[in-house]
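Asks: Data: structure_3.txt, compact mmCIF, N, CA and C atoms.
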```
# COMPACT_ATOMS: atom_id res chain seq x y z
N LYS Y 1070 118.22 42.31 110.39
CA LYS Y 1070 118.60 43.70 110.16
C LYS Y 1070 119.06 44.36 111.47
N LEU Y 1071 118.39 43.99 112.59
CA LEU Y 1071 118.82 44.54 113.88
C LEU Y 1071 120.21 44.05 114.25
N GLU Y 1072 120.50 42.80 113.93
CA GLU Y 1072 121.83 42.26 114.19
C GLU Y 1072 122.88 43.06 113.41
N ASP Y 1073 122.61 43.33 112.14
CA ASP Y 1073 123.53 44.12 111.32
C ASP Y 1073 123.68 45.54 111.87
N LEU Y 1074 122.57 46.16 112.26
CA LEU Y 1074 122.62 47.51 112.81
C LEU Y 1074 123.42 47.53 114.10
N SER Y 1075 123.23 46.53 114.94
CA SER Y 1075 123.99 46.44 116.19
C SER Y 1075 125.49 46.38 115.90
N SER Y 1076 125.87 45.58 114.92
CA SER Y 1076 127.29 45.48 114.55
C SER Y 1076 127.83 46.80 114.00
N GLU Y 1077 127.03 47.46 113.17
CA GLU Y 1077 127.45 48.75 112.60
C GLU Y 1077 127.63 49.80 113.69
N MET Y 1078 126.74 49.81 114.67
CA MET Y 1078 126.76 50.83 115.72
C MET Y 1078 127.88 50.63 116.74
N PHE Y 1079 128.49 49.45 116.75
CA PHE Y 1079 129.49 49.13 117.77
C PHE Y 1079 130.64 50.14 117.79
N GLN Y 1080 131.06 50.62 116.63
CA GLN Y 1080 132.18 51.56 116.56
C GLN Y 1080 131.81 52.99 116.97
N THR Y 1081 130.55 53.36 116.79
CA THR Y 1081 130.16 54.74 117.04
C THR Y 1081 129.35 54.93 118.32
N ASP Y 1082 128.57 53.93 118.71
CA ASP Y 1082 127.74 54.05 119.90
C ASP Y 1082 127.59 52.67 120.54
N ILE Y 1083 128.58 52.32 121.37
CA ILE Y 1083 128.61 50.98 121.94
C ILE Y 1083 127.39 50.70 122.81
N SER Y 1084 126.88 51.69 123.50
CA SER Y 1084 125.70 51.48 124.35
C SER Y 1084 124.49 51.09 123.51
N LEU Y 1085 124.28 51.81 122.43
CA LEU Y 1085 123.17 51.48 121.53
C LEU Y 1085 123.39 50.11 120.89
N SER Y 1086 124.62 49.83 120.51
CA SER Y 1086 124.95 48.54 119.92
C SER Y 1086 124.59 47.40 120.87
N LEU Y 1087 124.99 47.53 122.13
CA LEU Y 1087 124.70 46.48 123.11
C LEU Y 1087 123.20 46.39 123.41
N ALA Y 1088 122.53 47.52 123.44
CA ALA Y 1088 121.07 47.50 123.65
C ALA Y 1088 120.37 46.78 122.50
N LEU Y 1089 120.78 47.06 121.28
CA LEU Y 1089 120.19 46.38 120.12
C LEU Y 1089 120.48 44.88 120.16
N ASP Y 1090 121.71 44.53 120.54
CA ASP Y 1090 122.07 43.12 120.65
C ASP Y 1090 121.19 42.41 121.68
N GLY Y 1091 120.97 43.06 122.82
CA GLY Y 1091 120.09 42.50 123.84
C GLY Y 1091 118.67 42.35 123.34
N LEU Y 1092 118.19 43.34 122.61
CA LEU Y 1092 116.85 43.29 122.05
C LEU Y 1092 116.71 42.10 121.10
N VAL Y 1093 117.69 41.90 120.26
CA VAL Y 1093 117.64 40.78 119.32
C VAL Y 1093 117.64 39.45 120.07
N ASN Y 1094 118.42 39.35 121.15
CA ASN Y 1094 118.41 38.12 121.95
C ASN Y 1094 117.02 37.84 122.51
N VAL Y 1095 116.36 38.86 123.01
CA VAL Y 1095 115.02 38.69 123.56
C VAL Y 1095 114.05 38.26 122.46
N VAL Y 1096 114.14 38.88 121.30
CA VAL Y 1096 113.25 38.53 120.19
C VAL Y 1096 113.44 37.07 119.79
N VAL Y 1097 114.69 36.63 119.67
CA VAL Y 1097 114.95 35.23 119.29
C VAL Y 1097 114.41 34.29 120.36
N ASP Y 1098 114.61 34.62 121.64
CA ASP Y 1098 114.07 33.78 122.73
C ASP Y 1098 112.55 33.70 122.64
N LYS Y 1099 111.90 34.83 122.44
CA LYS Y 1099 110.43 34.86 122.36
C LYS Y 1099 109.92 34.06 121.15
N LEU Y 1100 110.58 34.20 120.01
CA LEU Y 1100 110.18 33.45 118.82
C LEU Y 1100 110.40 31.95 119.01
N THR Y 1101 111.49 31.59 119.69
CA THR Y 1101 111.76 30.18 119.97
C THR Y 1101 110.66 29.60 120.85
N HIS Y 1102 110.29 30.31 121.90
CA HIS Y 1102 109.22 29.85 122.79
C HIS Y 1102 107.89 29.77 122.03
N ALA Y 1103 107.62 30.74 121.19
CA ALA Y 1103 106.38 30.73 120.41
C ALA Y 1103 106.34 29.53 119.46
N ALA Y 1104 107.47 29.22 118.82
CA ALA Y 1104 107.52 28.08 117.92
C ALA Y 1104 107.28 26.78 118.69
N TYR Y 1105 107.92 26.65 119.85
CA TYR Y 1105 107.71 25.45 120.66
C TYR Y 1105 106.26 25.35 121.13
N ASN Y 1106 105.69 26.46 121.57
CA ASN Y 1106 104.28 26.44 122.00
C ASN Y 1106 103.36 26.02 120.87
N GLN Y 1107 103.65 26.46 119.65
CA GLN Y 1107 102.84 26.06 118.49
C GLN Y 1107 102.96 24.55 118.26
N ILE Y 1108 104.17 24.01 118.37
CA ILE Y 1108 104.37 22.57 118.22
C ILE Y 1108 103.59 21.81 119.29
N GLU Y 1109 103.66 22.31 120.52
CA GLU Y 1109 102.93 21.68 121.62
C GLU Y 1109 101.42 21.72 121.37
N ASP Y 1110 100.91 22.87 120.96
CA ASP Y 1110 99.47 23.02 120.69
C ASP Y 1110 99.02 22.09 119.57
N GLU Y 1111 99.77 22.05 118.48
CA GLU Y 1111 99.41 21.18 117.36
C GLU Y 1111 99.48 19.71 117.76
N SER Y 1112 100.43 19.37 118.61
CA SER Y 1112 100.52 17.98 119.10
C SER Y 1112 99.29 17.62 119.91
N ARG Y 1113 98.86 18.51 120.79
CA ARG Y 1113 97.67 18.27 121.60
C ARG Y 1113 96.42 18.09 120.73
N GLN Y 1114 96.33 18.90 119.68
CA GLN Y 1114 95.17 18.78 118.78
C GLN Y 1114 95.12 17.40 118.12
N GLU Y 1115 96.28 16.79 117.93
CA GLU Y 1115 96.35 15.45 117.35
C GLU Y 1115 96.38 14.37 118.44
N GLU Y 1116 96.07 14.80 119.69
CA GLU Y 1116 96.08 13.91 120.85
C GLU Y 1116 97.44 13.24 121.04
N MET Y 1117 98.47 14.03 120.82
CA MET Y 1117 99.86 13.58 121.01
C MET Y 1117 100.50 14.47 122.06
N GLN Y 1118 101.71 14.10 122.43
CA GLN Y 1118 102.47 14.89 123.39
C GLN Y 1118 103.79 15.31 122.75
N ALA Y 1119 104.31 16.42 123.22
CA ALA Y 1119 105.61 16.91 122.75
C ALA Y 1119 106.62 16.83 123.88
N SER Y 1120 107.83 16.45 123.53
CA SER Y 1120 108.91 16.42 124.52
C SER Y 1120 109.41 17.84 124.79
N ILE Y 1121 110.33 17.96 125.71
CA ILE Y 1121 110.99 19.25 125.88
C ILE Y 1121 111.84 19.51 124.64
N PRO Y 1122 112.06 20.77 124.30
CA PRO Y 1122 112.92 21.06 123.14
C PRO Y 1122 114.38 20.79 123.50
N VAL Y 1123 115.10 20.23 122.56
CA VAL Y 1123 116.52 19.94 122.75
C VAL Y 1123 117.27 20.56 121.59
N GLY Y 1124 118.27 21.35 121.90
CA GLY Y 1124 119.05 22.00 120.85
C GLY Y 1124 120.51 21.64 120.93
N PRO Y 1125 121.20 21.71 119.81
CA PRO Y 1125 122.64 21.46 119.82
C PRO Y 1125 123.37 22.47 120.70
N GLY Y 1126 124.42 21.99 121.31
CA GLY Y 1126 125.24 22.89 122.10
C GLY Y 1126 125.41 22.48 123.54
N SER Y 1127 124.99 21.28 123.88
CA SER Y 1127 125.19 20.80 125.24
C SER Y 1127 126.29 19.74 125.23
N LYS Y 1128 126.67 19.30 126.41
CA LYS Y 1128 127.68 18.23 126.47
C LYS Y 1128 127.12 16.92 125.94
N TYR Y 1129 125.78 16.82 125.86
CA TYR Y 1129 125.15 15.62 125.36
C TYR Y 1129 124.97 15.63 123.84
N TRP Y 1130 124.94 16.81 123.26
CA TRP Y 1130 124.73 16.92 121.81
C TRP Y 1130 125.54 18.10 121.29
N ARG Y 1131 126.70 17.83 120.81
CA ARG Y 1131 127.63 18.85 120.35
C ARG Y 1131 127.05 19.63 119.17
N VAL Y 1132 127.39 20.91 119.10
CA VAL Y 1132 126.90 21.78 118.04
C VAL Y 1132 127.23 21.22 116.66
N GLU Y 1133 128.47 20.79 116.48
CA GLU Y 1133 128.90 20.32 115.17
C GLU Y 1133 128.04 19.17 114.66
N ALA Y 1134 127.72 18.22 115.54
CA ALA Y 1134 126.91 17.07 115.14
C ALA Y 1134 125.43 17.47 115.02
N GLY Y 1135 124.94 18.21 115.99
CA GLY Y 1135 123.52 18.56 116.04
C GLY Y 1135 123.07 19.42 114.88
N GLN Y 1136 123.85 20.44 114.56
CA GLN Y 1136 123.45 21.33 113.47
C GLN Y 1136 123.40 20.59 112.14
N LEU Y 1137 124.35 19.68 111.93
CA LEU Y 1137 124.35 18.91 110.68
C LEU Y 1137 123.10 18.04 110.58
N VAL Y 1138 122.68 17.46 111.70
CA VAL Y 1138 121.46 16.64 111.70
C VAL Y 1138 120.25 17.52 111.37
N ILE Y 1139 120.11 18.62 112.09
CA ILE Y 1139 118.94 19.49 111.88
C ILE Y 1139 118.92 20.06 110.47
N PHE Y 1140 120.04 20.58 110.01
CA PHE Y 1140 120.08 21.16 108.67
C PHE Y 1140 119.91 20.09 107.59
N GLY Y 1141 120.32 18.85 107.88
CA GLY Y 1141 120.13 17.76 106.93
C GLY Y 1141 118.67 17.37 106.78
N VAL Y 1142 117.90 17.51 107.86
CA VAL Y 1142 116.48 17.16 107.81
C VAL Y 1142 115.65 18.33 107.31
N VAL Y 1143 115.88 19.51 107.87
CA VAL Y 1143 115.05 20.68 107.56
C VAL Y 1143 115.37 21.28 106.20
N LYS Y 1144 116.64 21.31 105.84
CA LYS Y 1144 117.10 21.90 104.58
C LYS Y 1144 116.55 23.33 104.39
N PRO Y 1145 116.97 24.24 105.28
CA PRO Y 1145 116.45 25.61 105.18
C PRO Y 1145 116.92 26.32 103.90
N ASP Y 1146 116.16 27.32 103.52
CA ASP Y 1146 116.49 28.14 102.36
C ASP Y 1146 117.81 28.87 102.65
N PRO Y 1147 118.85 28.66 101.85
CA PRO Y 1147 120.14 29.31 102.11
C PRO Y 1147 120.10 30.84 101.99
N ASP Y 1148 119.06 31.38 101.37
CA ASP Y 1148 118.92 32.83 101.34
C ASP Y 1148 118.43 33.37 102.67
N VAL Y 1149 117.90 32.48 103.52
CA VAL Y 1149 117.37 32.89 104.82
C VAL Y 1149 118.33 32.54 105.94
N ILE Y 1150 118.82 31.32 105.95
CA ILE Y 1150 119.73 30.88 107.01
C ILE Y 1150 120.76 29.92 106.45
N GLN Y 1151 121.98 30.06 106.94
CA GLN Y 1151 123.09 29.24 106.47
C GLN Y 1151 123.83 28.66 107.65
N LEU Y 1152 124.57 27.60 107.38
CA LEU Y 1152 125.41 26.97 108.37
C LEU Y 1152 126.84 27.05 107.88
N THR Y 1153 127.72 27.64 108.71
CA THR Y 1153 129.12 27.74 108.32
C THR Y 1153 129.81 26.39 108.53
N GLU Y 1154 131.05 26.30 108.07
CA GLU Y 1154 131.83 25.06 108.25
C GLU Y 1154 132.01 24.71 109.72
N SER Y 1155 131.99 25.71 110.59
CA SER Y 1155 132.14 25.47 112.03
C SER Y 1155 130.80 25.32 112.74
N SER Y 1156 129.72 25.15 111.96
CA SER Y 1156 128.35 24.93 112.47
C SER Y 1156 127.72 26.16 113.12
N LEU Y 1157 128.23 27.33 112.80
CA LEU Y 1157 127.61 28.58 113.25
C LEU Y 1157 126.49 28.92 112.27
N MET Y 1158 125.33 29.28 112.81
CA MET Y 1158 124.23 29.69 111.95
C MET Y 1158 124.37 31.17 111.61
N ILE Y 1159 124.07 31.50 110.38
CA ILE Y 1159 124.04 32.87 109.92
C ILE Y 1159 122.62 33.14 109.45
N PRO Y 1160 121.89 34.12 109.96
CA PRO Y 1160 122.34 35.12 110.92
C PRO Y 1160 122.68 34.50 112.28
N ARG Y 1161 123.60 35.17 112.97
CA ARG Y 1161 124.08 34.66 114.26
C ARG Y 1161 122.95 34.56 115.27
N LYS Y 1162 122.02 35.46 115.21
CA LYS Y 1162 120.89 35.45 116.15
C LYS Y 1162 119.83 34.50 115.62
N SER Y 1163 120.11 33.22 115.74
CA SER Y 1163 119.22 32.16 115.28
C SER Y 1163 119.18 31.09 116.34
N ASN Y 1164 118.22 30.20 116.23
CA ASN Y 1164 118.11 29.11 117.18
C ASN Y 1164 117.62 27.87 116.44
N SER Y 1165 118.05 26.71 116.89
CA SER Y 1165 117.57 25.46 116.33
C SER Y 1165 117.34 24.48 117.46
N PHE Y 1166 116.33 23.64 117.29
CA PHE Y 1166 116.03 22.62 118.29
C PHE Y 1166 115.18 21.53 117.66
N ILE Y 1167 115.11 20.40 118.35
CA ILE Y 1167 114.22 19.33 117.92
C ILE Y 1167 113.25 19.05 119.06
N VAL Y 1168 112.12 18.45 118.69
CA VAL Y 1168 111.10 18.08 119.66
C VAL Y 1168 110.58 16.71 119.25
N GLY Y 1169 110.52 15.81 120.23
CA GLY Y 1169 109.92 14.51 119.97
C GLY Y 1169 108.41 14.62 120.13
N ILE Y 1170 107.67 13.91 119.30
CA ILE Y 1170 106.20 13.91 119.38
C ILE Y 1170 105.75 12.46 119.36
N GLY Y 1171 104.85 12.13 120.29
CA GLY Y 1171 104.37 10.75 120.34
C GLY Y 1171 103.14 10.61 121.20
N ASP Y 1172 102.62 9.38 121.23
CA ASP Y 1172 101.44 9.09 122.04
C ASP Y 1172 101.71 9.30 123.52
N THR Y 1173 102.85 8.82 123.96
CA THR Y 1173 103.21 8.91 125.38
C THR Y 1173 104.66 9.35 125.49
N ILE Y 1174 104.85 10.57 125.89
CA ILE Y 1174 106.19 11.08 126.10
C ILE Y 1174 106.40 11.11 127.62
N PRO Y 1175 107.39 10.37 128.11
CA PRO Y 1175 107.62 10.40 129.55
C PRO Y 1175 108.08 11.79 129.99
N GLU Y 1176 107.58 12.21 131.12
CA GLU Y 1176 107.99 13.52 131.64
C GLU Y 1176 109.30 13.36 132.40
N HIS Y 1177 110.29 14.06 131.92
CA HIS Y 1177 111.62 14.00 132.53
C HIS Y 1177 112.14 15.37 132.88
N GLY Y 1178 111.30 16.23 133.41
CA GLY Y 1178 111.76 17.54 133.84
C GLY Y 1178 111.70 18.58 132.74
N THR Y 1179 112.51 19.59 132.91
CA THR Y 1179 112.54 20.71 131.97
C THR Y 1179 113.87 20.74 131.24
N ALA Y 1180 113.91 21.49 130.17
CA ALA Y 1180 115.15 21.65 129.41
C ALA Y 1180 116.25 22.23 130.30
N CYS Y 1181 115.87 23.08 131.24
CA CYS Y 1181 116.86 23.70 132.14
C CYS Y 1181 117.63 22.66 132.95
N GLU Y 1182 116.96 21.57 133.32
CA GLU Y 1182 117.61 20.54 134.11
C GLU Y 1182 118.73 19.83 133.35
N TYR Y 1183 118.70 19.87 132.01
CA TYR Y 1183 119.69 19.20 131.20
C TYR Y 1183 120.73 20.16 130.62
N CYS Y 1184 120.57 21.43 130.90
CA CYS Y 1184 121.44 22.46 130.32
C CYS Y 1184 122.78 22.54 131.05
N ASP Y 1185 123.85 22.71 130.27
CA ASP Y 1185 125.19 22.87 130.85
C ASP Y 1185 125.30 24.13 131.70
N LEU Y 1186 124.45 25.11 131.44
CA LEU Y 1186 124.52 26.39 132.15
C LEU Y 1186 123.52 26.49 133.31
N LYS Y 1187 122.95 25.37 133.72
CA LYS Y 1187 121.87 25.41 134.71
C LYS Y 1187 122.27 26.09 136.02
N ASP Y 1188 123.54 26.04 136.38
CA ASP Y 1188 123.97 26.65 137.64
C ASP Y 1188 124.32 28.13 137.51
N SER Y 1189 124.51 28.59 136.28
CA SER Y 1189 124.90 29.99 136.09
C SER Y 1189 124.01 30.73 135.10
N CYS Y 1190 122.87 30.16 134.78
CA CYS Y 1190 121.97 30.72 133.77
C CYS Y 1190 121.49 32.11 134.17
N ARG Y 1191 121.56 33.04 133.24
CA ARG Y 1191 121.12 34.40 133.52
C ARG Y 1191 119.61 34.47 133.76
N TYR Y 1192 118.86 33.59 133.12
CA TYR Y 1192 117.41 33.58 133.30
C TYR Y 1192 117.04 33.01 134.65
N LYS Y 1193 117.68 31.93 135.04
CA LYS Y 1193 117.42 31.30 136.33
C LYS Y 1193 117.86 32.22 137.47
N LEU Y 1194 119.02 32.85 137.33
CA LEU Y 1194 119.54 33.73 138.37
C LEU Y 1194 118.60 34.93 138.58
N ARG Y 1195 118.00 35.41 137.52
CA ARG Y 1195 117.12 36.57 137.60
C ARG Y 1195 115.85 36.25 138.42
N LYS Y 1196 115.42 34.98 138.40
CA LYS Y 1196 114.19 34.58 139.09
C LYS Y 1196 114.37 34.43 140.58
N ARG Y 1197 115.60 34.35 141.07
CA ARG Y 1197 115.87 34.14 142.51
C ARG Y 1197 115.50 35.33 143.34
```
Have the structure of the file written as structure tokens, please.

Replies:
Amino acid sequence: KLEDLSSEMFQTDISLSLALDGLVNVVVDKLTHAAYNQIEDESRQEEMQASIPVGPGSKYWRVEAGQLVIFGVVKPDPDVIQLTESSLMIPRKSNSFIVGIGDTIPEHGTACEYCDLKDSCRYKLRKR
């Protein structure tokens, strides 16, 4: 609903529209981290380990291929989330990722180290 409101406000109050868009981005990021933390916690309870989250959209895993894999396995309710022919998720403010779970997951750094935006990331730049 915030995404829709942000789009509606764009013509009449661009500042509010951009603020709402930013808010929605933060909410999606926080929910994504919370979902991953829950996966990690549940894995630990089963004496397993979780890998770093990997999502479609990198040079290693193209959006078109990745979204089809995830949507093929998860089969989300189309009333909640949809995938367009170009692999865009609707609502646009959505996120998808996979996590490996196993007895021994080798530690290979963080998701940031594998990201195409690692040198220009807004989150990384803010921490400097």

Asks: Between Y:Pro1175, Y:Pro1145, Y:Gly1091, Y:Pro1160, which residue has the minimum interatomic distance to Ile1121 of chain Y, considering only N, CA and C atoms?

Replies: Y:Pro1175

Asks: Excluding same-chain residues fewer than 5 positions from Leu1071 of chain Y, what lies within 10 Å of it counting only C-alpha atoms, as an MDAnalysis selection string?

Replies: chainID Y and resid 1076:1077 1086 1089:1090 1092:1093 1162

Asks: In Å, with one decimal, what is the gap from atom C of Pro1125 of chain Y to atom C of Met1158 of chain Y?

Replies: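 Rounded to one decimal, the two atoms are 12.6 Å apart.
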
Asks: If we count only C-alpha atoms, what is near Gly1126 of chain Y at a cut-off of 10 Å, once residues fewer than 2 positions away on the same chain are taken out, given as a list of chain:residue names?

Replies: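 Those residues are Y:Val1123, Y:Gly1124, Y:Lys1128, Y:Tyr1129, Y:Trp1130, Y:Arg1131, Y:Val1132, Y:Glu1133, Y:Ala1134, Y:Gly1135, Y:Gln1136, Y:Ser1165, Y:Phe1166, Y:Cys1184, Y:Asp1185.
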
Asks: Between Y:Leu1087, Y:Leu1074, Y:Leu1186, Y:Ile1167, which one has atoms that come closest to Ser1127 of chain Y, using only C-alpha atoms?

Replies: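 The closest residue to Ser1127 of chain Y is Y:Leu1186.
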
Asks: Run DSSP on the backbone and tell me which residues of segment 1088-1180 of chain Y come out as alpha helix (DSSP H); list them as a VMD selection string.

Replies: chain Y and resid 1088 to 1114 1132 to 1143 1180

Asks: So that I have them on file, write out the residues from the current selection with N, CA and C atoms, as a short mmCIF file (atom, residue, chain, number, x, y, z; two decimals), in the frame of the given file.

Replies:
```cif
data_model
loop_
_atom_site.label_atom_id
_atom_site.label_comp_id
_atom_site.auth_asym_id
_atom_site.auth_seq_id
_atom_site.Cartn_x
_atom_site.Cartn_y
_atom_site.Cartn_z
N ALA Y 1088 122.53 47.52 123.44
CA ALA Y 1088 121.07 47.50 123.65
C ALA Y 1088 120.37 46.78 122.50
N LEU Y 1089 120.78 47.06 121.28
CA LEU Y 1089 120.19 46.38 120.12
C LEU Y 1089 120.48 44.88 120.16
N ASP Y 1090 121.71 44.53 120.54
CA ASP Y 1090 122.07 43.12 120.65
C ASP Y 1090 121.19 42.41 121.68
N GLY Y 1091 120.97 43.06 122.82
CA GLY Y 1091 120.09 42.50 123.84
C GLY Y 1091 118.67 42.35 123.34
N LEU Y 1092 118.19 43.34 122.61
CA LEU Y 1092 116.85 43.29 122.05
C LEU Y 1092 116.71 42.10 121.10
N VAL Y 1093 117.69 41.90 120.26
CA VAL Y 1093 117.64 40.78 119.32
C VAL Y 1093 117.64 39.45 120.07
N ASN Y 1094 118.42 39.35 121.15
CA ASN Y 1094 118.41 38.12 121.95
C ASN Y 1094 117.02 37.84 122.51
N VAL Y 1095 116.36 38.86 123.01
CA VAL Y 1095 115.02 38.69 123.56
C VAL Y 1095 114.05 38.26 122.46
N VAL Y 1096 114.14 38.88 121.30
CA VAL Y 1096 113.25 38.53 120.19
C VAL Y 1096 113.44 37.07 119.79
N VAL Y 1097 114.69 36.63 119.67
CA VAL Y 1097 114.95 35.23 119.29
C VAL Y 1097 114.41 34.29 120.36
N ASP Y 1098 114.61 34.62 121.64
CA ASP Y 1098 114.07 33.78 122.73
C ASP Y 1098 112.55 33.70 122.64
N LYS Y 1099 111.90 34.83 122.44
CA LYS Y 1099 110.43 34.86 122.36
C LYS Y 1099 109.92 34.06 121.15
N LEU Y 1100 110.58 34.20 120.01
CA LEU Y 1100 110.18 33.45 118.82
C LEU Y 1100 110.40 31.95 119.01
N THR Y 1101 111.49 31.59 119.69
CA THR Y 1101 111.76 30.18 119.97
C THR Y 1101 110.66 29.60 120.85
N HIS Y 1102 110.29 30.31 121.90
CA HIS Y 1102 109.22 29.85 122.79
C HIS Y 1102 107.89 29.77 122.03
N ALA Y 1103 107.62 30.74 121.19
CA ALA Y 1103 106.38 30.73 120.41
C ALA Y 1103 106.34 29.53 119.46
N ALA Y 1104 107.47 29.22 118.82
CA ALA Y 1104 107.52 28.08 117.92
C ALA Y 1104 107.28 26.78 118.69
N TYR Y 1105 107.92 26.65 119.85
CA TYR Y 1105 107.71 25.45 120.66
C TYR Y 1105 106.26 25.35 121.13
N ASN Y 1106 105.69 26.46 121.57
CA ASN Y 1106 104.28 26.44 122.00
C ASN Y 1106 103.36 26.02 120.87
N GLN Y 1107 103.65 26.46 119.65
CA GLN Y 1107 102.84 26.06 118.49
C GLN Y 1107 102.96 24.55 118.26
N ILE Y 1108 104.17 24.01 118.37
CA ILE Y 1108 104.37 22.57 118.22
C ILE Y 1108 103.59 21.81 119.29
N GLU Y 1109 103.66 22.31 120.52
CA GLU Y 1109 102.93 21.68 121.62
C GLU Y 1109 101.42 21.72 121.37
N ASP Y 1110 100.91 22.87 120.96
CA ASP Y 1110 99.47 23.02 120.69
C ASP Y 1110 99.02 22.09 119.57
N GLU Y 1111 99.77 22.05 118.48
CA GLU Y 1111 99.41 21.18 117.36
C GLU Y 1111 99.48 19.71 117.76
N SER Y 1112 100.43 19.37 118.61
CA SER Y 1112 100.52 17.98 119.10
C SER Y 1112 99.29 17.62 119.91
N ARG Y 1113 98.86 18.51 120.79
CA ARG Y 1113 97.67 18.27 121.60
C ARG Y 1113 96.42 18.09 120.73
N GLN Y 1114 96.33 18.90 119.68
CA GLN Y 1114 95.17 18.78 118.78
C GLN Y 1114 95.12 17.40 118.12
N VAL Y 1132 127.39 20.91 119.10
CA VAL Y 1132 126.90 21.78 118.04
C VAL Y 1132 127.23 21.22 116.66
N GLU Y 1133 128.47 20.79 116.48
CA GLU Y 1133 128.90 20.32 115.17
C GLU Y 1133 128.04 19.17 114.66
N ALA Y 1134 127.72 18.22 115.54
CA ALA Y 1134 126.91 17.07 115.14
C ALA Y 1134 125.43 17.47 115.02
N GLY Y 1135 124.94 18.21 115.99
CA GLY Y 1135 123.52 18.56 116.04
C GLY Y 1135 123.07 19.42 114.88
N GLN Y 1136 123.85 20.44 114.56
CA GLN Y 1136 123.45 21.33 113.47
C GLN Y 1136 123.40 20.59 112.14
N LEU Y 1137 124.35 19.68 111.93
CA LEU Y 1137 124.35 18.91 110.68
C LEU Y 1137 123.10 18.04 110.58
N VAL Y 1138 122.68 17.46 111.70
CA VAL Y 1138 121.46 16.64 111.70
C VAL Y 1138 120.25 17.52 111.37
N ILE Y 1139 120.11 18.62 112.09
CA ILE Y 1139 118.94 19.49 111.88
C ILE Y 1139 118.92 20.06 110.47
N PHE Y 1140 120.04 20.58 110.01
CA PHE Y 1140 120.08 21.16 108.67
C PHE Y 1140 119.91 20.09 107.59
N GLY Y 1141 120.32 18.85 107.88
CA GLY Y 1141 120.13 17.76 106.93
C GLY Y 1141 118.67 17.37 106.78
N VAL Y 1142 117.90 17.51 107.86
CA VAL Y 1142 116.48 17.16 107.81
C VAL Y 1142 115.65 18.33 107.31
N VAL Y 1143 115.88 19.51 107.87
CA VAL Y 1143 115.05 20.68 107.56
C VAL Y 1143 115.37 21.28 106.20
N ALA Y 1180 113.91 21.49 130.17
CA ALA Y 1180 115.15 21.65 129.41
C ALA Y 1180 116.25 22.23 130.30
#
```
